Amino acid sequence: MDELQVVVDRVYNRIMAEPLEGKVADYIPALACVAPDRFGIALQMLDGRLATAGDAFSPFSIQSISKLFSLVLALQTWGDELWERVGREPSGTAFNSLVLLEQENGLPRNPFINAGALAVTNAIVSRFALPDRAIIDFLGHLAGDIKLVFDDTVFRSEYVHGDRNRAIAYFLKAHGRMENPVEAVTTAYFKQCSIPMSCVDLARAGLFLATGGKTLKGNQIIGPVEARQVCSLMLTCGLYDGTGDFSFRVGWPGKSGVGGGILAVIPGRGTACVWSPPLTEKGNSVRGMRALELLARALENGEL
Ligand code: GLU
């Protein structure tokens with residue numbers, strides 16, 4: 001058996017033997033219906049090797065992992081001008097917090113908290129007639145030209161319970177930082193968050209970040225400088241106010257979502273994506289962080 005698969009199996013079995021901790025997100029009611037013991041790992045190397053365990057091929061709600069891809073799409077169309085709309089500092093506050101916006105003139109701290117992601121989605125709405133289509137097609141292309149769909153149940157569930165995100169969007173608008181209607185921006189945002197993808201799909205979609213912005217087929221998605229900058233933001237802001245702990249334990253750029261997924265980039269080597277719905281208080285998958293920590297150690301020990 002391939003050594004990569006041996007390592008992934010070992011990490012999976014070790015974590016399955018540990019008690020299941022954390023709490024499945026329920027502020028979007030449709031997310032609460034997912035079985036807490038689902039667990040998948042996908043490790044995709046640049047040389048084409050793929051190792052998987054558990055539910056690696058089962059689609060789950062990508063939620064905030066979509067913020068990574070909408071940021072890249074916005075960078076493609078706006079370039080450096082995008083940074084006039086969103087900052088690059090960790091927030092130290094919850095993913096859906098409004099506190100800093102009031103203090104900082106409505107400029108979101110970074111593209112991975114909800115305020116920043118809404119500012120990025122607004123930038124996409126300004127450039128595409130069908131912004132949600134642009135995002136899903138871009139993601140499908142990155143994942144290997146696969147067909148992706150929106151999950152209507154998750155979308156509606158977040159739409160109905162989305163007042164906090166609407167409040168953030170109105171706040172941006174009040175500060176002159178949102179030129180499009182709040183309804184259009186939040187709808188596109190809820191749609192991008194609702195997309196179901198598997199660990200394998202996401203690991204493939206993120207590979208260009210491990211290669212300086214180029215897909216394995218040689219398609220330059222963003223430049224090497226931008227790819228490095230996106231990875232830096234993942235390293236400093238990718239897991240909300242749990243990013244410091246994640247970077248300390250794992251050391252790879254990562255992006256989490258409240259669906260329980262975490263996508264991590266192993267610079268120059270590949271990507272890893274893990275999924276387990278129960279979350280820490282800060283909204284990151286407990287088992288997902290643990291799995292990536294064990295994989296990073298295996299890499300350090302020369303086992304990968
Ligand atoms: N759609 C979720 C929200 O806006 C995404 C949050 C997340 O995954 O962290 O609340």
# chains A, B, ... in the order shown; residues from 1 in each chain; ligands from 1
$ residues_around --residues "A:Ile113" --least-positions-apart "3" --cutoff "7 Å" --atoms "only C-alpha atoms" --output "ChimeraX atom specification"
/A:95-96,110,116-117,240
$ residues_near_ligand --ligand "ligand 1" --cutoff "10 Å" --atoms "only C-alpha atoms and all ligand atoms" --output "PyMOL selection string"
chain A and resi 25+27-28+61-67+94-96+112-115+117-118+154-155+158-159+161-166+186+189-194+238-240+255-262+282-284
$ select_by_dssp --residues "stretch 94-287 of chain A" --states "alpha helix (DSSP H)" --output "NGL selection string"
:A and (99-103 or 114-127 or 131-142 or 152-160 or 163-174 or 182-194 or 199-205 or 224-237 or 243-249 or 286-287)
$ write_last_selection --atoms "C-alpha atoms" --output "compact mmCIF listing (two decimals), in the first residue's frame"
# COMPACT_ATOMS: atom_id res chain seq x y z
CA VAL A 99 -17.72 45.15 16.99
CA LEU A 100 -14.63 46.19 15.03
CA LEU A 101 -16.65 47.55 12.12
CA GLU A 102 -18.04 50.27 14.37
CA GLN A 103 -14.59 51.20 15.63
CA ASN A 114 -18.13 37.54 7.50
CA ALA A 115 -17.82 41.32 7.12
CA GLY A 116 -14.77 40.91 4.87
CA ALA A 117 -16.35 38.10 2.88
CA LEU A 118 -19.44 40.26 2.31
CA ALA A 119 -17.18 43.09 1.08
CA VAL A 120 -15.48 40.61 -1.29
CA THR A 121 -18.82 39.23 -2.52
CA ASN A 122 -19.97 42.81 -3.08
CA ALA A 123 -16.88 43.33 -5.28
CA ILE A 124 -17.84 40.20 -7.26
CA VAL A 125 -21.46 41.38 -7.60
CA SER A 126 -20.09 44.58 -9.15
CA ARG A 127 -18.23 42.65 -11.85
CA PRO A 131 -22.27 36.45 -9.28
CA ASP A 132 -23.35 33.19 -7.62
CA ARG A 133 -22.91 31.41 -10.97
CA ALA A 134 -19.47 32.98 -11.39
CA ILE A 135 -18.39 31.66 -7.98
CA ILE A 136 -19.78 28.13 -8.40
CA ASP A 137 -18.40 27.78 -11.94
CA PHE A 138 -14.99 28.98 -10.78
CA LEU A 139 -15.00 26.43 -7.95
CA GLY A 140 -16.14 23.63 -10.27
CA HIS A 141 -13.37 24.52 -12.70
CA LEU A 142 -10.72 24.48 -9.95
CA ASP A 152 -31.24 24.88 -1.71
CA THR A 153 -32.19 23.65 1.77
CA VAL A 154 -29.02 25.07 3.34
CA PHE A 155 -29.36 28.27 1.31
CA ARG A 156 -32.96 28.82 2.44
CA SER A 157 -32.11 27.97 6.02
CA GLU A 158 -29.36 30.58 6.12
CA TYR A 159 -31.46 33.07 4.16
CA VAL A 160 -34.24 32.86 6.74
CA ASP A 163 -30.24 38.79 9.80
CA ARG A 164 -26.85 39.11 11.42
CA ASN A 165 -25.12 38.96 8.04
CA ARG A 166 -27.67 41.42 6.66
CA ALA A 167 -26.88 43.72 9.59
CA ILE A 168 -23.17 43.53 8.74
CA ALA A 169 -23.96 44.27 5.08
CA TYR A 170 -26.13 47.29 5.97
CA PHE A 171 -23.32 48.50 8.18
CA LEU A 172 -20.88 48.34 5.25
CA LYS A 173 -23.44 50.15 3.12
CA ALA A 174 -23.91 52.87 5.72
CA VAL A 182 -27.76 44.29 0.45
CA GLU A 183 -30.25 41.70 -0.82
CA ALA A 184 -28.14 40.96 -3.91
CA VAL A 185 -24.90 40.66 -1.95
CA THR A 186 -26.24 38.56 0.93
CA THR A 187 -28.09 36.25 -1.48
CA ALA A 188 -24.89 35.61 -3.46
CA TYR A 189 -23.01 35.11 -0.18
CA PHE A 190 -25.55 32.64 1.26
CA LYS A 191 -25.48 30.75 -2.03
CA GLN A 192 -21.71 30.41 -2.13
CA CYS A 193 -21.74 29.16 1.48
CA SER A 194 -24.41 26.54 0.67
CA CYS A 199 -12.91 16.64 0.99
CA VAL A 200 -11.50 15.29 -2.29
CA ASP A 201 -13.16 18.04 -4.38
CA LEU A 202 -11.90 20.76 -2.05
CA ALA A 203 -8.38 19.37 -1.81
CA ARG A 204 -8.21 19.38 -5.61
CA ALA A 205 -9.70 22.87 -5.87
CA PRO A 224 2.74 33.67 -7.43
CA VAL A 225 2.80 36.82 -5.31
CA GLU A 226 -0.97 36.77 -4.91
CA ALA A 227 -0.95 33.04 -4.14
CA ARG A 228 1.61 33.67 -1.40
CA GLN A 229 -0.48 36.55 -0.06
CA VAL A 230 -3.63 34.43 0.05
CA CYS A 231 -1.73 31.69 1.90
CA SER A 232 -0.41 34.29 4.37
CA LEU A 233 -3.97 35.41 5.06
CA MET A 234 -5.01 31.81 5.63
CA LEU A 235 -2.15 31.39 8.06
CA THR A 236 -3.08 34.52 10.02
CA CYS A 237 -6.87 34.70 9.65
CA THR A 243 -6.16 30.85 13.91
CA GLY A 244 -3.27 31.33 16.33
CA ASP A 245 -3.87 27.96 17.94
CA PHE A 246 -4.29 26.25 14.56
CA SER A 247 -1.11 27.80 13.14
CA PHE A 248 0.78 26.86 16.29
CA ARG A 249 -0.39 23.24 16.14
CA VAL A 286 -12.32 19.73 16.53
CA ARG A 287 -11.40 16.53 14.73
$ select_by_dssp --residues "stretch 58-287 of chain A" --states "strand (DSSP E or B)" --output "ChimeraX atom specification"
/A:60-61,196-197,214,220,254-256,261-266,270-275,279,285
$ closest_residue --among "A:Pro36, A:Gly92, A:Leu4, A:Pro267" --to "A:Pro19" --atoms "only C-alpha atoms"
A:Pro36
$ closest_residue --among "A:Asp26, A:Asp55, A:Asp2, A:Asp80" --to "A:Ile222" --atoms "only C-alpha atoms"
A:Asp80
$ residues_around --residues "A:Asp37" --least-positions-apart "5" --cutoff "12 Å" --atoms "only C-alpha atoms" --output "list in words"
Ile15, Met16, Ala17, Glu18, Pro19, Leu20, Glu21, Gly22, Lys23, Val24, Gly54, Asp55, Gly260, Trp275, Ser276, Pro277, Pro278, Leu279, Ser285, Val286, Arg287 and Gly288 of chain A
$ write_last_selection --atoms "N, CA and C atoms" --output "compact mmCIF listing (two decimals), in the first residue's frame"
# COMPACT_ATOMS: atom_id res chain seq x y z
N ILE A 15 -7.85 8.98 15.39
CA ILE A 15 -8.86 9.97 15.79
C ILE A 15 -10.20 9.30 16.05
N MET A 16 -10.53 8.28 15.28
CA MET A 16 -11.79 7.57 15.51
C MET A 16 -11.83 6.92 16.90
N ALA A 17 -10.65 6.63 17.43
CA ALA A 17 -10.59 5.99 18.75
C ALA A 17 -10.71 7.02 19.88
N GLU A 18 -10.62 8.30 19.53
CA GLU A 18 -10.71 9.36 20.55
C GLU A 18 -12.17 9.78 20.71
N PRO A 19 -12.56 10.27 21.90
CA PRO A 19 -13.96 10.69 22.07
C PRO A 19 -14.31 11.86 21.14
N LEU A 20 -15.56 11.88 20.72
CA LEU A 20 -16.02 12.93 19.80
C LEU A 20 -16.39 14.17 20.62
N GLU A 21 -15.65 15.25 20.44
CA GLU A 21 -15.93 16.47 21.20
C GLU A 21 -16.39 17.59 20.27
N GLY A 22 -16.97 18.64 20.87
CA GLY A 22 -17.41 19.79 20.09
C GLY A 22 -18.91 19.75 19.85
N LYS A 23 -19.40 20.77 19.16
CA LYS A 23 -20.84 20.92 18.97
C LYS A 23 -21.13 21.28 17.51
N VAL A 24 -22.04 20.56 16.90
CA VAL A 24 -22.39 20.84 15.50
C VAL A 24 -23.09 22.21 15.43
N GLY A 54 -12.36 7.42 5.41
CA GLY A 54 -13.71 7.71 5.89
C GLY A 54 -14.58 8.35 4.82
N ASP A 55 -15.23 9.47 5.20
CA ASP A 55 -16.21 10.12 4.32
C ASP A 55 -15.58 11.13 3.36
N GLY A 260 -17.91 22.21 9.22
CA GLY A 260 -16.97 21.25 9.81
C GLY A 260 -15.79 20.91 8.91
N TRP A 275 -13.00 16.79 7.19
CA TRP A 275 -14.38 17.16 7.52
C TRP A 275 -14.88 16.38 8.72
N SER A 276 -15.33 17.09 9.72
CA SER A 276 -15.99 16.50 10.88
C SER A 276 -16.83 17.62 11.50
N PRO A 277 -18.16 17.45 11.56
CA PRO A 277 -19.03 18.59 11.90
C PRO A 277 -18.88 19.21 13.30
N PRO A 278 -18.59 18.44 14.39
CA PRO A 278 -18.56 19.13 15.69
C PRO A 278 -17.44 20.17 15.78
N LEU A 279 -17.80 21.34 16.29
CA LEU A 279 -16.90 22.51 16.27
C LEU A 279 -16.46 22.92 17.66
N SER A 285 -13.64 22.88 13.23
CA SER A 285 -13.83 21.45 13.46
C SER A 285 -12.78 20.91 14.44
N VAL A 286 -13.25 20.27 15.52
CA VAL A 286 -12.32 19.73 16.53
C VAL A 286 -11.47 18.62 15.92
N ARG A 287 -12.14 17.65 15.32
CA ARG A 287 -11.40 16.53 14.73
C ARG A 287 -10.59 16.97 13.51
N GLY A 288 -11.12 17.94 12.80
CA GLY A 288 -10.41 18.44 11.62
C GLY A 288 -9.06 19.02 12.00
$ closest_residue --among "A:Gln76, A:Ile221, A:Met197, A:Leu82" --to "A:Leu263" --atoms "only C-alpha atoms"
A:Met197
$ closest_residue --among "A:Gly176, A:Gly213, A:Gly87, A:Gly40" --to "A:Gly268" --atoms "only C-alpha atoms"
A:Gly213
$ closest_residue --among "A:Gln220, A:Gln44, A:Asn105, A:Ser198" --to "A:Gly270" --atoms "only C-alpha atoms"
A:Gln44
$ decode --residues "stretch 109-123 of chain A" --atoms "all heavy atoms" --output "PDB file, in the first residue's frame"
ATOM      1  N   ARG A 109     -11.727  43.797   8.849  1.00  0.00           N
ATOM      2  CA  ARG A 109     -10.328  43.479   9.139  1.00  0.00           C
ATOM      3  C   ARG A 109      -9.675  42.572   8.089  1.00  0.00           C
ATOM      4  O   ARG A 109      -8.518  42.724   7.757  1.00  0.00           O
ATOM      5  CB  ARG A 109     -10.245  42.773  10.497  1.00  0.00           C
ATOM      6  CG  ARG A 109     -10.168  43.714  11.665  1.00  0.00           C
ATOM      7  CD  ARG A 109      -8.747  44.176  11.854  1.00  0.00           C
ATOM      8  NE  ARG A 109      -8.660  45.161  12.912  1.00  0.00           N
ATOM      9  CZ  ARG A 109      -8.056  44.945  14.074  1.00  0.00           C
ATOM     10  NH1 ARG A 109      -7.519  43.779  14.332  1.00  0.00           N
ATOM     11  NH2 ARG A 109      -7.993  45.907  14.969  1.00  0.00           N
ATOM     12  N   ASN A 110     -10.415  41.555   7.615  1.00  0.00           N
ATOM     13  CA  ASN A 110      -9.813  40.628   6.648  1.00  0.00           C
ATOM     14  C   ASN A 110     -10.925  39.924   5.852  1.00  0.00           C
ATOM     15  O   ASN A 110     -12.090  39.970   6.241  1.00  0.00           O
ATOM     16  CB  ASN A 110      -8.884  39.618   7.367  1.00  0.00           C
ATOM     17  CG  ASN A 110      -9.650  38.668   8.255  1.00  0.00           C
ATOM     18  OD1 ASN A 110     -10.398  37.820   7.762  1.00  0.00           O
ATOM     19  ND2 ASN A 110      -9.507  38.789   9.576  1.00  0.00           N
ATOM     20  N   PRO A 111     -10.575  39.285   4.729  1.00  0.00           N
ATOM     21  CA  PRO A 111     -11.609  38.708   3.851  1.00  0.00           C
ATOM     22  C   PRO A 111     -12.260  37.437   4.387  1.00  0.00           C
ATOM     23  O   PRO A 111     -13.186  36.913   3.768  1.00  0.00           O
ATOM     24  CB  PRO A 111     -10.847  38.373   2.559  1.00  0.00           C
ATOM     25  CG  PRO A 111      -9.422  38.659   2.802  1.00  0.00           C
ATOM     26  CD  PRO A 111      -9.220  39.149   4.184  1.00  0.00           C
ATOM     27  N   PHE A 112     -11.781  36.914   5.525  1.00  0.00           N
ATOM     28  CA  PHE A 112     -12.282  35.625   5.994  1.00  0.00           C
ATOM     29  C   PHE A 112     -13.295  35.723   7.122  1.00  0.00           C
ATOM     30  O   PHE A 112     -13.950  34.735   7.462  1.00  0.00           O
ATOM     31  CB  PHE A 112     -11.111  34.719   6.387  1.00  0.00           C
ATOM     32  CG  PHE A 112     -10.231  34.348   5.210  1.00  0.00           C
ATOM     33  CD1 PHE A 112      -8.881  34.101   5.380  1.00  0.00           C
ATOM     34  CD2 PHE A 112     -10.754  34.239   3.926  1.00  0.00           C
ATOM     35  CE1 PHE A 112      -8.073  33.756   4.301  1.00  0.00           C
ATOM     36  CE2 PHE A 112      -9.960  33.906   2.843  1.00  0.00           C
ATOM     37  CZ  PHE A 112      -8.612  33.660   3.026  1.00  0.00           C
ATOM     38  N   ILE A 113     -13.406  36.906   7.753  1.00  0.00           N
ATOM     39  CA  ILE A 113     -14.544  37.085   8.670  1.00  0.00           C
ATOM     40  C   ILE A 113     -15.749  37.456   7.796  1.00  0.00           C
ATOM     41  O   ILE A 113     -15.585  37.870   6.641  1.00  0.00           O
ATOM     42  CB  ILE A 113     -14.267  38.184   9.726  1.00  0.00           C
ATOM     43  CG1 ILE A 113     -13.752  39.467   9.058  1.00  0.00           C
ATOM     44  CG2 ILE A 113     -13.295  37.687  10.788  1.00  0.00           C
ATOM     45  CD1 ILE A 113     -13.690  40.663   9.980  1.00  0.00           C
ATOM     46  N   ASN A 114     -16.943  37.319   8.343  1.00  0.00           N
ATOM     47  CA  ASN A 114     -18.125  37.537   7.505  1.00  0.00           C
ATOM     48  C   ASN A 114     -18.163  38.931   6.872  1.00  0.00           C
ATOM     49  O   ASN A 114     -18.514  39.078   5.708  1.00  0.00           O
ATOM     50  CB  ASN A 114     -19.396  37.289   8.306  1.00  0.00           C
ATOM     51  CG  ASN A 114     -19.607  35.808   8.566  1.00  0.00           C
ATOM     52  OD1 ASN A 114     -18.716  35.004   8.307  1.00  0.00           O
ATOM     53  ND2 ASN A 114     -20.768  35.447   9.083  1.00  0.00           N
ATOM     54  N   ALA A 115     -17.775  39.950   7.656  1.00  0.00           N
ATOM     55  CA  ALA A 115     -17.815  41.316   7.119  1.00  0.00           C
ATOM     56  C   ALA A 115     -16.912  41.422   5.891  1.00  0.00           C
ATOM     57  O   ALA A 115     -17.287  42.011   4.860  1.00  0.00           O
ATOM     58  CB  ALA A 115     -17.384  42.315   8.196  1.00  0.00           C
ATOM     59  N   GLY A 116     -15.722  40.856   5.987  1.00  0.00           N
ATOM     60  CA  GLY A 116     -14.775  40.910   4.873  1.00  0.00           C
ATOM     61  C   GLY A 116     -15.259  40.101   3.687  1.00  0.00           C
ATOM     62  O   GLY A 116     -15.124  40.517   2.531  1.00  0.00           O
ATOM     63  N   ALA A 117     -15.848  38.939   3.970  1.00  0.00           N
ATOM     64  CA  ALA A 117     -16.351  38.097   2.880  1.00  0.00           C
ATOM     65  C   ALA A 117     -17.515  38.795   2.175  1.00  0.00           C
ATOM     66  O   ALA A 117     -17.659  38.699   0.951  1.00  0.00           O
ATOM     67  CB  ALA A 117     -16.791  36.746   3.417  1.00  0.00           C
ATOM     68  N   LEU A 118     -18.336  39.522   2.943  1.00  0.00           N
ATOM     69  CA  LEU A 118     -19.438  40.259   2.310  1.00  0.00           C
ATOM     70  C   LEU A 118     -18.886  41.393   1.445  1.00  0.00           C
ATOM     71  O   LEU A 118     -19.412  41.672   0.360  1.00  0.00           O
ATOM     72  CB  LEU A 118     -20.398  40.784   3.383  1.00  0.00           C
ATOM     73  CG  LEU A 118     -21.285  39.686   4.004  1.00  0.00           C
ATOM     74  CD1 LEU A 118     -21.855  40.120   5.343  1.00  0.00           C
ATOM     75  CD2 LEU A 118     -22.411  39.287   3.039  1.00  0.00           C
ATOM     76  N   ALA A 119     -17.801  42.032   1.897  1.00  0.00           N
ATOM     77  CA  ALA A 119     -17.176  43.088   1.079  1.00  0.00           C
ATOM     78  C   ALA A 119     -16.607  42.482  -0.208  1.00  0.00           C
ATOM     79  O   ALA A 119     -16.708  43.082  -1.285  1.00  0.00           O
ATOM     80  CB  ALA A 119     -16.073  43.780   1.882  1.00  0.00           C
ATOM     81  N   VAL A 120     -16.037  41.282  -0.110  1.00  0.00           N
ATOM     82  CA  VAL A 120     -15.484  40.612  -1.294  1.00  0.00           C
ATOM     83  C   VAL A 120     -16.622  40.192  -2.239  1.00  0.00           C
ATOM     84  O   VAL A 120     -16.546  40.391  -3.458  1.00  0.00           O
ATOM     85  CB  VAL A 120     -14.639  39.378  -0.870  1.00  0.00           C
ATOM     86  CG1 VAL A 120     -14.311  38.498  -2.067  1.00  0.00           C
ATOM     87  CG2 VAL A 120     -13.359  39.833  -0.165  1.00  0.00           C
ATOM     88  N   THR A 121     -17.691  39.640  -1.670  1.00  0.00           N
ATOM     89  CA  THR A 121     -18.822  39.228  -2.516  1.00  0.00           C
ATOM     90  C   THR A 121     -19.427  40.458  -3.201  1.00  0.00           C
ATOM     91  O   THR A 121     -19.805  40.406  -4.375  1.00  0.00           O
ATOM     92  CB  THR A 121     -19.879  38.467  -1.689  1.00  0.00           C
ATOM     93  OG1 THR A 121     -19.248  37.340  -1.073  1.00  0.00           O
ATOM     94  CG2 THR A 121     -21.019  37.958  -2.555  1.00  0.00           C
ATOM     95  N   ASN A 122     -19.484  41.563  -2.468  1.00  0.00           N
ATOM     96  CA  ASN A 122     -19.967  42.808  -3.080  1.00  0.00           C
ATOM     97  C   ASN A 122     -19.107  43.178  -4.297  1.00  0.00           C
ATOM     98  O   ASN A 122     -19.633  43.570  -5.347  1.00  0.00           O
ATOM     99  CB  ASN A 122     -19.933  43.941  -2.039  1.00  0.00           C
ATOM    100  CG  ASN A 122     -20.207  45.293  -2.651  1.00  0.00           C
ATOM    101  OD1 ASN A 122     -21.254  45.510  -3.252  1.00  0.00           O
ATOM    102  ND2 ASN A 122     -19.242  46.198  -2.547  1.00  0.00           N
ATOM    103  N   ALA A 123     -17.781  43.017  -4.163  1.00  0.00           N
ATOM    104  CA  ALA A 123     -16.880  43.330  -5.283  1.00  0.00           C
ATOM    105  C   ALA A 123     -17.171  42.405  -6.475  1.00  0.00           C
ATOM    106  O   ALA A 123     -17.131  42.835  -7.629  1.00  0.00           O
ATOM    107  CB  ALA A 123     -15.419  43.187  -4.837  1.00  0.00           C
TER     108      ALA A 123
END
